[in-house]
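What follows is a set of notes on a single structure, which appears directly below.
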Amino acid sequence: MSVPGAQGSSIGGYRLAVLVTLLCLSWLPLAAQEDEGSVAIRSASADLVDGVYRVEARLQYVLSDNALDALDSGVPINVELELQVIKARRFWLDDVTAELEVNYQLLFNALSRRYVVRNLNTGEQDSFATLYSALNNLGRITSLPVIDAALLEDDGTYRIRMRAIVDVKDFPAALRLIAFWRDDWRLTSDWYEWQLAP
Amino acid sequence: MTVLLAGIGLLLALTTLLLLAQTSQSSEQFDRLSGITLLVNAVGIVVLFILLVGNLARLVQDLRRHVPGAKLKGRMVAMFIGLAVLPLLLVYYFSAQFLNRGIDSWFTEDVEQGLEDALELSRAALGIQMRTNLNLTLRFADAAETMSEPALVSELVRMRRETGAVEVTVFASNSRIVATSLDRSRVSVPTTPTDEMLLQVAQGRPYVSLDPLEGGGYQVRTAAPMQADVRSGGRYVVQALYPVTQRLAAMADSVGDSYTNYKRQLYLREPLKRTLTLTLTVVLLVSLLASIYGAFFFSRRLVAPIQQLVAGTRAVAAGDFDTQLPQPSRDEIGFLVSSFNDMTRRLAAAREEARDSQAQVEAERANLEVILARLSTGVVSLEPDLRIRTANQAAGAILGVDLESRIGELLPEVAKGHPLLEQFVDVARVHVLAGENEWREQIILRGDVGRRVLTCACTNLPAEDGHTSGFVVVFDDITALLQAQRDAAWGEVARRLAHEIKNPLTPIQLSAERLRQKYLRGMAPNEAQVLDRATHTIVQQVEAMKEMVNAFSEYARTPDMDMTRFDLNRLVREVIELYRAQDTTVDLTLDLDNELPPVDADAGRVRQILHNLVRNAVEALEGQEDGAIDIITRAEQHSGATLATITVEDNGPGFQAGPVEQIFDPYVTSKPKGTGLGLAIVKKLVEEHAGSIYAENRRGGGARIRISLPVDEASREIIVSALPRRGEQRRERA
């Protein structure tokens with residue numbers, strides 16, 4: 001319905017304005033996809049050892065060229081493992097009983113020409129002559145304590161899920177905007193989920 | 001609404017820009033907020049953009065429709081935009097240039113080469129130590145080749161102390177610790193051998209590596225194969241960890257960090273430039289859009305009062321003086337607006353005053369009209385071309401034309417067919433044509449009914465330019481007044497005559513009779529005959545004079561009224577019977593109304609009226625063979641009053657040509673005999689009864705006199721109260 005008079009004209013004007021804006025926005029380039037890296041969980045399990053559930057897992061990290069360039073240029077890469085113990089509930093949303101986050105940092109030491117893997121939670125670090133060894137080390141999770149069995153209800157049904165996130169956090173301030181818009185700065189694996197055997 | 005929206009948009013954009021600057025300081029905050037920040041910025045930009053395009057569209061539309069103030073607004077917007085945008089773009093361009101150049105200038109070949117050389121130098125320095133340390137380990141491996149395990153332990157301790165190693169450990173091929181010596185001040189447990197080390201040593205090659213330490217610094221890890229492990233079939237491995245001297249480590253760290261930082265920045269140079277440019281662009285966009293919107297906003301603010309003024313002026317031009325504009329500010333435009341408001345207020349007040357005075361004039365005019373309408377004086381105002389402007393009721397009544405309904409018409413046109421008015425116009429026209437501004441005249445109009453005497457006064461209405469804008473004619477019918485004056489004069493004459501003449505008559509008569517008695521008998525017959533004739537004549541003439549004086553005194557006499565109720569018809573019959581007995585040559589016919597009610601009147605006076613009328617008719621018919629008199633009585637209703645009318649008709653010669661009314665004046669008579677007072681007395685007596693008398697000549701010859709008397713007091717009241725309002729009756733009454 002067209003309304004005569006100034007009111008109508010201004011409404012028409014704003015309609016036009018919105019149209020023009022949408023047209024302009026449609027020209028914004030979408031994030032370009034380049035050589036992709038990947039992170040995937042190959043296997044994972046939890047064993048009850050001395051009353052504590054410990055996770056064994058194997059992950060495979062493939063860094064994108066971009067990430068590799070960044071690493072070689074001294075930019076550290078962060079790897080974050082997220083673990084959740086989830087209790088299944090009937091007629092209700094599942095409850096996250098426990099959450100665990102383990103942070104690693106992978107960096108290249110130029111002087112010694114070695115790749116350093118640092119566990120940010122414990123502060124421990126190892127160095128490797130090759131990236132392969134370093135990624136291999138990162139991808140081998142052994143005996144990671146997740147939850148005390150005493151904290152779980154006997155009759156509950158629990159499952160654990162896990163995923164890994166690789167991203168570059170320690171950018172200089174100004175660069176974060178770019179990092180935010182580019183997918184290959186941040187890799188996230190699918191959730192890997194398994195039933196917790198009592 | 002849009003201003004609010006724009007304000008919110010601008011505020012959001014600015015806030016997020018600040019947030020952007022703040023959050024880039026720390027990674028944690030940035031991760032949480034960067035998304036929102038950018039989104040809000042984008043939304044802010046989009047909102048501002050929409051508002052701008054909307055404003056622009058409206059401005060273009062206004063320009064096309066020639067809305068008042070649109071051109072001014074367009075110019076102001078262009079000026080504001082020019083003022084704001086050009087500097088912004090300049091600053092943006094130079095900022096971007098400086099940014100890129102500045103970032104590029106951080107990186108030079110020299111610095112890069114220098115850093116690489118320094119790194120290489122550090123590596124070389126550390127390499128010497130690594131080789132030395134490896135040699136020490138190899139030597140120990142050689143020396144311990146043949147040693148037993150207990151001897152090995154003491155050798156480990158000695159060797160560690162000699163070489164300054166942090167830790168020396170011998171592993172079996174399955175990573176079992178065979179022997180170890182630790183610098184307890186630095187490590188607590190033996191360091192686990194790494195896979196790559198074990199792999200290399202298993203291949204029979206010595207291993208050396210520079211391991212970065214957790215808290216900074218380095219240590220040299222060396223390993224060498226030893227004698228065969230009989231139990232597992234592999235070889236023993238010795239791993240020795242040597243510290244790098246504090247000074248060297250610090251320097252190596254410094255060099256390493258510098259190099260890494262440099263490399264990192266070199267690598268991030270382009271993304272950094274892009275990021276900074278993007279941020280700058282976002283800031284530019286927000287500022288640009290905000291300033292353009294500001295241009296629109298302030299232009300609108302500035303132009304709005306002008307547009308209101310234009311609209312207000314148009315309203316005033318269209319006659320709406322109640323327009324009041326909102327006071328925008330205290331500046332010159334505000335002054336203009338308040339002046340405008342002042343003007344409209346004064347205009348409104350002036351109009352109100354004019355309206356009031358107009359109403360006052362109207363009221364006075366209405367008053368005047370009422371007064372004029374009630375006035376018995378005729379007032380007519382005329383245009384210079386004798387067109388009727390106004391006329392009151394009395395004017396119409398006097399002139400016998402309803403002038404009020406002919407307003408706007410030419411007076412001469414209206415006068416056609418109305419003899420009274422025609423004569424009036426003729427007189428008036430003479431004065432007007434003579435160019436007299438003010439004149440006064442007594443006009444005598446002759447009509448069917450009789451003579452009318454008007455006193456007429458005219459004055460011109462002066463116009464502003466000194467010319468005449470019309471005339472006002474004021475006239476009064478003074479016929480009745482003149483009549484009354486004449487009646488009064490005659491009454492006075494009669495009284496004087498009665499008094500002055502009657503007195504000497506009796507002595508004259510007596511003297512004459514004495515002369516006769518005294519000298520008649522003693523005189524000679526011929527002389528006695530003369531005396532007898534002379535005295536007889538004197539006595540006879542004196543008798544005649546007495547009769548005449550008596551008649552006069554009767555006219556002047558006004559005895560009290562003796563009102564009784566009587567049957568008028570019977571009175572008429574009695575009077576007529578008397579005349580029938582006296583004279584038989586005149587045929588007297590009665591036509592009496594049986595419905596006639598009894599009349600309240602002075603019976604004696606009414607009898608005298610009848611006598612006079614009949615005698616008048618009989619005298620008029622003297623010497624005429626077929627003389628006939630008709631006496632007719634009727635009862636009539638007149639505006640609520642009951643009147644008894646008596647009409648006396650004869651077939652004699654009728655009244656002489658001339659004013660019929662004058663026959664009621666004393667000494668107006670058409671007869672050789674008679675005192676000339678008969679009809680004057682009748683009229684006087686009729687008027688004493690509040691009645692009216694009317695005389696006219698009959699068409700077929702002869703005279704007709706008609707009198708009407710109110711039958712009772714109520715009717716008399718009605719007639720008396722009605723008389724002044726009706727010109728015709730009033731004239732008869734006087």
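For the structure tokens, the naming scheme is as follows: chains receive sequential letters (A, B, ...) according to their order of presentation, residues are indexed from 1 within each chain, and ligands are indexed from 1 in presentation order.
Near chain A, within 7 Å and using only C-alpha atoms, the residues of chain B are Ser24, Gln25, Ser27, Val46, Ile50, Leu51, Val53, Gly54, Ala57, Arg58, Leu119, Arg123, Leu210, Asp211, Glu214, Gly256, Thr260, Asn261, Lys263, Arg264, Tyr267, Pro271, Leu272, Thr275 and Leu276 of chain B.
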Written file, previous selection with C-alpha atoms, as an mmCIF file, in the first residue's frame:
```
data_model
loop_
_atom_site.group_PDB
_atom_site.id
_atom_site.type_symbol
_atom_site.label_atom_id
_atom_site.label_comp_id
_atom_site.auth_asym_id
_atom_site.auth_seq_id
_atom_site.Cartn_x
_atom_site.Cartn_y
_atom_site.Cartn_z
ATOM 1 C CA SER B 24 42.818 -6.125 21.118
ATOM 2 C CA GLN B 25 44.994 -5.813 24.232
ATOM 3 C CA SER B 27 43.424 -12.448 23.717
ATOM 4 C CA VAL B 46 24.332 -0.855 7.972
ATOM 5 C CA ILE B 50 20.063 2.772 5.550
ATOM 6 C CA LEU B 51 19.253 6.009 7.338
ATOM 7 C CA VAL B 53 20.017 6.456 1.809
ATOM 8 C CA GLY B 54 16.539 7.107 3.242
ATOM 9 C CA ALA B 57 15.865 9.724 -1.102
ATOM 10 C CA ARG B 58 13.650 12.049 0.899
ATOM 11 C CA LEU B 119 71.346 -16.959 15.505
ATOM 12 C CA ARG B 123 74.173 -22.044 17.259
ATOM 13 C CA LEU B 210 69.880 -28.831 22.398
ATOM 14 C CA ASP B 211 66.661 -29.024 24.410
ATOM 15 C CA GLU B 214 60.578 -25.013 30.553
ATOM 16 C CA GLY B 256 66.371 -16.790 19.736
ATOM 17 C CA THR B 260 61.509 -15.507 16.483
ATOM 18 C CA ASN B 261 59.782 -12.220 17.089
ATOM 19 C CA LYS B 263 60.326 -13.744 11.877
ATOM 20 C CA ARG B 264 56.870 -13.744 13.339
ATOM 21 C CA TYR B 267 55.328 -13.319 8.547
ATOM 22 C CA PRO B 271 47.879 -9.720 7.578
ATOM 23 C CA LEU B 272 48.782 -6.967 10.023
ATOM 24 C CA THR B 275 43.943 -5.841 9.656
ATOM 25 C CA LEU B 276 44.984 -2.321 10.474
#
```
Using only C-alpha atoms, determine which residues lie at most 12 Å from A:Thr157, disregarding the query and same-chain residues fewer than 3 positions distant; provide the list as a VMD selection string.
chain A and resid 85 to 90 94 to 97 152 to 154 160 194 to 198
As a PyMOL selection string, please: every residue in stretch 69-189 of chain A that a backbone DSSP assignment puts in helix (DSSP H, G or I).
chain A and resi 69-72+131-138+149-151+173-181+183-185
Restrict the selected residues to C-alpha atoms and save them as a PDB file, in the first residue's frame.
```pdb
ATOM      1  CA  ASP A  69      53.999 -21.200   7.805  1.00  0.00           C
ATOM      2  CA  ALA A  70      52.866 -19.510  10.968  1.00  0.00           C
ATOM      3  CA  LEU A  71      54.534 -22.170  13.121  1.00  0.00           C
ATOM      4  CA  ASP A  72      57.798 -21.882  11.192  1.00  0.00           C
ATOM      5  CA  LEU A 131      57.136 -31.683  13.360  1.00  0.00           C
ATOM      6  CA  TYR A 132      55.983 -35.193  12.724  1.00  0.00           C
ATOM      7  CA  SER A 133      57.313 -36.382  16.100  1.00  0.00           C
ATOM      8  CA  ALA A 134      55.788 -33.370  17.794  1.00  0.00           C
ATOM      9  CA  LEU A 135      52.349 -33.897  16.243  1.00  0.00           C
ATOM     10  CA  ASN A 136      52.639 -37.571  16.992  1.00  0.00           C
ATOM     11  CA  ASN A 137      53.354 -36.747  20.583  1.00  0.00           C
ATOM     12  CA  LEU A 138      50.427 -34.382  20.668  1.00  0.00           C
ATOM     13  CA  ALA A 149      34.578 -42.994  39.831  1.00  0.00           C
ATOM     14  CA  ALA A 150      33.253 -42.012  43.262  1.00  0.00           C
ATOM     15  CA  LEU A 151      31.709 -38.936  41.724  1.00  0.00           C
ATOM     16  CA  ALA A 173      46.763  -7.518  18.977  1.00  0.00           C
ATOM     17  CA  ALA A 174      45.992  -5.993  15.660  1.00  0.00           C
ATOM     18  CA  LEU A 175      46.019  -9.281  13.790  1.00  0.00           C
ATOM     19  CA  ARG A 176      43.185 -10.938  15.639  1.00  0.00           C
ATOM     20  CA  LEU A 177      40.580  -9.413  13.408  1.00  0.00           C
ATOM     21  CA  ILE A 178      41.991 -11.266  10.424  1.00  0.00           C
ATOM     22  CA  ALA A 179      42.356 -14.475  12.407  1.00  0.00           C
ATOM     23  CA  PHE A 180      38.742 -14.212  13.401  1.00  0.00           C
ATOM     24  CA  TRP A 181      37.560 -14.182   9.847  1.00  0.00           C
ATOM     25  CA  ASP A 183      38.685 -20.533   9.130  1.00  0.00           C
ATOM     26  CA  ASP A 184      42.074 -22.221   8.777  1.00  0.00           C
ATOM     27  CA  TRP A 185      43.395 -20.446  11.842  1.00  0.00           C
TER      28      TRP A 185
END
```
Quick one: DSSP strand (DSSP E or B) residues in stretch 73-176 of chain A, as a ChimeraX atom specification?
/A:77-87,95-109,114-119,125-128,140-148,158-167
Polymer residues at most 9 Å from A:Tyr53, only C-alpha atoms, same-chain spacing of 4 or more positions, as an mmCIF file with N, CA and C atoms, in the first residue's frame:
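Final output, saved to around.cif:
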```cif
data_model
loop_
_atom_site.group_PDB
_atom_site.id
_atom_site.type_symbol
_atom_site.label_atom_id
_atom_site.label_comp_id
_atom_site.auth_asym_id
_atom_site.auth_seq_id
_atom_site.Cartn_x
_atom_site.Cartn_y
_atom_site.Cartn_z
ATOM 1 N N ALA A 46 38.187 -45.060 27.836
ATOM 2 C CA ALA A 46 38.449 -44.684 29.232
ATOM 3 C C ALA A 46 38.543 -45.959 30.071
ATOM 4 N N ASP A 47 39.567 -46.033 30.870
ATOM 5 C CA ASP A 47 39.733 -47.224 31.735
ATOM 6 C C ASP A 47 39.727 -46.783 33.177
ATOM 7 N N LEU A 48 39.153 -47.640 33.992
ATOM 8 C CA LEU A 48 39.101 -47.347 35.432
ATOM 9 C C LEU A 48 40.399 -47.863 36.054
ATOM 10 N N VAL A 49 41.243 -46.957 36.494
ATOM 11 C CA VAL A 49 42.503 -47.362 37.118
ATOM 12 C C VAL A 49 42.553 -46.733 38.508
ATOM 13 N N SER A 143 46.669 -42.136 29.522
ATOM 14 C CA SER A 143 46.395 -42.098 30.961
ATOM 15 C C SER A 143 46.037 -40.694 31.462
ATOM 16 N N LEU A 144 45.069 -40.049 30.725
ATOM 17 C CA LEU A 144 44.631 -38.698 31.143
ATOM 18 C C LEU A 144 43.471 -38.839 32.129
ATOM 19 N N PRO A 145 43.690 -38.529 33.405
ATOM 20 C CA PRO A 145 42.612 -38.710 34.375
ATOM 21 C C PRO A 145 41.458 -37.736 34.089
ATOM 22 N N VAL A 146 40.248 -38.298 34.055
ATOM 23 C CA VAL A 146 39.088 -37.462 33.700
ATOM 24 C C VAL A 146 38.196 -37.226 34.904
ATOM 25 N N ILE A 147 37.829 -38.345 35.600
ATOM 26 C CA ILE A 147 36.887 -38.173 36.725
ATOM 27 C C ILE A 147 37.072 -39.305 37.710
ATOM 28 N N ASP A 148 36.875 -38.988 38.935
ATOM 29 C CA ASP A 148 36.927 -40.001 39.996
ATOM 30 C C ASP A 148 35.636 -40.813 39.921
ATOM 31 N N ALA A 149 35.770 -42.124 39.948
ATOM 32 C CA ALA A 149 34.578 -42.994 39.831
ATOM 33 C C ALA A 149 33.597 -42.723 40.963
#
```
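Omitting stretch 569-579 of chain B and its sequence neighbours fewer than 4 positions away, and counting only C-alpha atoms, the residues within 10 Å are B:Asp583, B:Thr584, B:Val586, B:Leu588, B:Thr589, B:Leu590, B:Asp591, B:Leu592, B:Asp593, B:Asn594, B:Leu596, B:Pro597, B:Pro598, B:Val599, B:Ala603, B:Gly604, B:Val606, B:Arg607, B:Gln608, B:Leu610, B:His611, B:Val614, B:Arg615, B:Val618, B:Ile631, B:Ile632, B:Thr633, B:Arg634, B:Ile646.
For A:Asn103, the non-local neighbours within 6 Å, defined as residues at least 2 positions apart in the same chain or in other chains and counting only C-alpha atoms, are Val79, Glu80 and Leu120 of chain A.
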Using only N, CA and C atoms, please write the residues we just selected to a file, as an mmCIF file, in the first residue's frame.
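Output saved as part_32.cif:
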```cif
data_model
loop_
_atom_site.group_PDB
_atom_site.id
_atom_site.type_symbol
_atom_site.label_atom_id
_atom_site.label_comp_id
_atom_site.auth_asym_id
_atom_site.auth_seq_id
_atom_site.Cartn_x
_atom_site.Cartn_y
_atom_site.Cartn_z
ATOM 1 N N VAL A 79 46.612 -26.130 21.098
ATOM 2 C CA VAL A 79 45.745 -27.294 20.921
ATOM 3 C C VAL A 79 44.966 -27.443 22.214
ATOM 4 N N GLU A 80 43.668 -27.536 22.060
ATOM 5 C CA GLU A 80 42.829 -27.620 23.258
ATOM 6 C C GLU A 80 42.029 -28.899 23.168
ATOM 7 N N LEU A 120 50.179 -26.859 28.843
ATOM 8 C CA LEU A 120 49.984 -25.606 29.579
ATOM 9 C C LEU A 120 49.367 -25.841 30.942
#
```
So that I can see what lies close to A:Tyr192, please list as number ranges by chain the residues with an atom at most 10 Å from it, counting only C-alpha atoms and leaving out residues fewer than 3 positions away in the same chain.
A: 40-44, 83, 160-164, 189
I need the chosen residues saved as a PDB file, in the first residue's frame, with C-alpha atoms.
```pdb
ATOM      1  CA  ALA A  40      40.400 -35.924  13.939  1.00  0.00           C
ATOM      2  CA  ILE A  41      40.087 -38.311  16.826  1.00  0.00           C
ATOM      3  CA  ARG A  42      40.951 -41.813  15.633  1.00  0.00           C
ATOM      4  CA  SER A  43      40.230 -43.684  18.812  1.00  0.00           C
ATOM      5  CA  ALA A  44      39.502 -43.028  22.450  1.00  0.00           C
ATOM      6  CA  LEU A  83      36.365 -33.637  27.539  1.00  0.00           C
ATOM      7  CA  ILE A 160      32.296 -39.247  27.577  1.00  0.00           C
ATOM      8  CA  ARG A 161      32.785 -37.054  24.612  1.00  0.00           C
ATOM      9  CA  MET A 162      35.899 -35.413  23.438  1.00  0.00           C
ATOM     10  CA  ARG A 163      37.044 -33.022  20.783  1.00  0.00           C
ATOM     11  CA  ALA A 164      40.183 -31.158  19.881  1.00  0.00           C
ATOM     12  CA  SER A 189      37.374 -31.912  15.348  1.00  0.00           C
TER      13      SER A 189
END
```
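Among the candidates B:Ala363, B:Leu268, B:Val282, B:Leu4, the residue lying nearest to A:Asn66 is B:Leu268 (atoms considered: only C-alpha atoms).
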Which residues are near stretch 346-349 of chain B? Cut-off 10 Å, only C-alpha atoms, ignore same chain within fewer than 3 positions. Put them as a PyMOL selection string.
chain B and resi 316+319-323+340-343+352-355
Give me a file of those residues, with N, CA and C atoms, as a PDB file, in the first residue's frame.
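Result file follows (result05.pdb):
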```pdb
ATOM      1  N   VAL B 316      -0.578  32.822   7.254  1.00  0.00           N
ATOM      2  CA  VAL B 316      -0.995  34.204   7.513  1.00  0.00           C
ATOM      3  C   VAL B 316      -1.543  34.828   6.231  1.00  0.00           C
ATOM      4  N   GLY B 319      -4.873  34.064   5.698  1.00  0.00           N
ATOM      5  CA  GLY B 319      -5.841  34.660   6.625  1.00  0.00           C
ATOM      6  C   GLY B 319      -5.902  33.993   7.986  1.00  0.00           C
ATOM      7  N   ASP B 320      -5.019  33.006   8.200  1.00  0.00           N
ATOM      8  CA  ASP B 320      -5.041  32.345   9.503  1.00  0.00           C
ATOM      9  C   ASP B 320      -4.039  33.058  10.406  1.00  0.00           C
ATOM     10  N   PHE B 321      -4.539  33.934  11.279  1.00  0.00           N
ATOM     11  CA  PHE B 321      -3.642  34.712  12.128  1.00  0.00           C
ATOM     12  C   PHE B 321      -3.344  34.017  13.448  1.00  0.00           C
ATOM     13  N   ASP B 322      -3.878  32.830  13.626  1.00  0.00           N
ATOM     14  CA  ASP B 322      -3.660  32.138  14.901  1.00  0.00           C
ATOM     15  C   ASP B 322      -2.398  31.302  14.869  1.00  0.00           C
ATOM     16  N   THR B 323      -1.658  31.359  13.760  1.00  0.00           N
ATOM     17  CA  THR B 323      -0.447  30.548  13.628  1.00  0.00           C
ATOM     18  C   THR B 323       0.596  31.005  14.639  1.00  0.00           C
ATOM     19  N   PHE B 340       7.939  36.753  14.238  1.00  0.00           N
ATOM     20  CA  PHE B 340       6.791  36.267  13.450  1.00  0.00           C
ATOM     21  C   PHE B 340       5.593  36.028  14.363  1.00  0.00           C
ATOM     22  N   ASN B 341       5.875  35.334  15.484  1.00  0.00           N
ATOM     23  CA  ASN B 341       4.795  35.042  16.434  1.00  0.00           C
ATOM     24  C   ASN B 341       4.156  36.332  16.937  1.00  0.00           C
ATOM     25  N   ASP B 342       5.034  37.330  17.222  1.00  0.00           N
ATOM     26  CA  ASP B 342       4.569  38.633  17.662  1.00  0.00           C
ATOM     27  C   ASP B 342       3.626  39.232  16.627  1.00  0.00           C
ATOM     28  N   MET B 343       4.097  39.137  15.379  1.00  0.00           N
ATOM     29  CA  MET B 343       3.326  39.733  14.276  1.00  0.00           C
ATOM     30  C   MET B 343       1.945  39.085  14.186  1.00  0.00           C
ATOM     31  N   GLU B 352      -9.324  41.001  15.805  1.00  0.00           N
ATOM     32  CA  GLU B 352     -10.323  40.864  16.873  1.00  0.00           C
ATOM     33  C   GLU B 352     -10.970  42.226  17.151  1.00  0.00           C
ATOM     34  N   GLU B 353     -10.087  43.249  17.216  1.00  0.00           N
ATOM     35  CA  GLU B 353     -10.586  44.597  17.474  1.00  0.00           C
ATOM     36  C   GLU B 353     -11.538  45.037  16.369  1.00  0.00           C
ATOM     37  N   ALA B 354     -11.094  44.767  15.125  1.00  0.00           N
ATOM     38  CA  ALA B 354     -11.923  45.162  13.984  1.00  0.00           C
ATOM     39  C   ALA B 354     -13.276  44.465  14.067  1.00  0.00           C
ATOM     40  N   ARG B 355     -13.209  43.192  14.452  1.00  0.00           N
ATOM     41  CA  ARG B 355     -14.442  42.424  14.557  1.00  0.00           C
ATOM     42  C   ARG B 355     -15.354  43.034  15.627  1.00  0.00           C
TER      43      ARG B 355
END
```
Could you tell me how far atom CA of B:Thr535 lies from atom CA of B:Thr506, in Å and to one decimal?
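Answer for the atom CA of B:Thr535 to atom CA of B:Thr506 separation: 13.7 Å.
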Which of these, B:Val47, B:Leu63, B:Ile663, B:Val539, has the shortest distance to B:Ala680 once you count only C-alpha atoms?
B:Ile663
When distances are computed from only C-alpha atoms, which of A:Ser64, A:Val166, A:Gly156, A:Arg58 shows the smallest separation from A:Gln105?
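Smallest distance to A:Gln105 is found for A:Val166.
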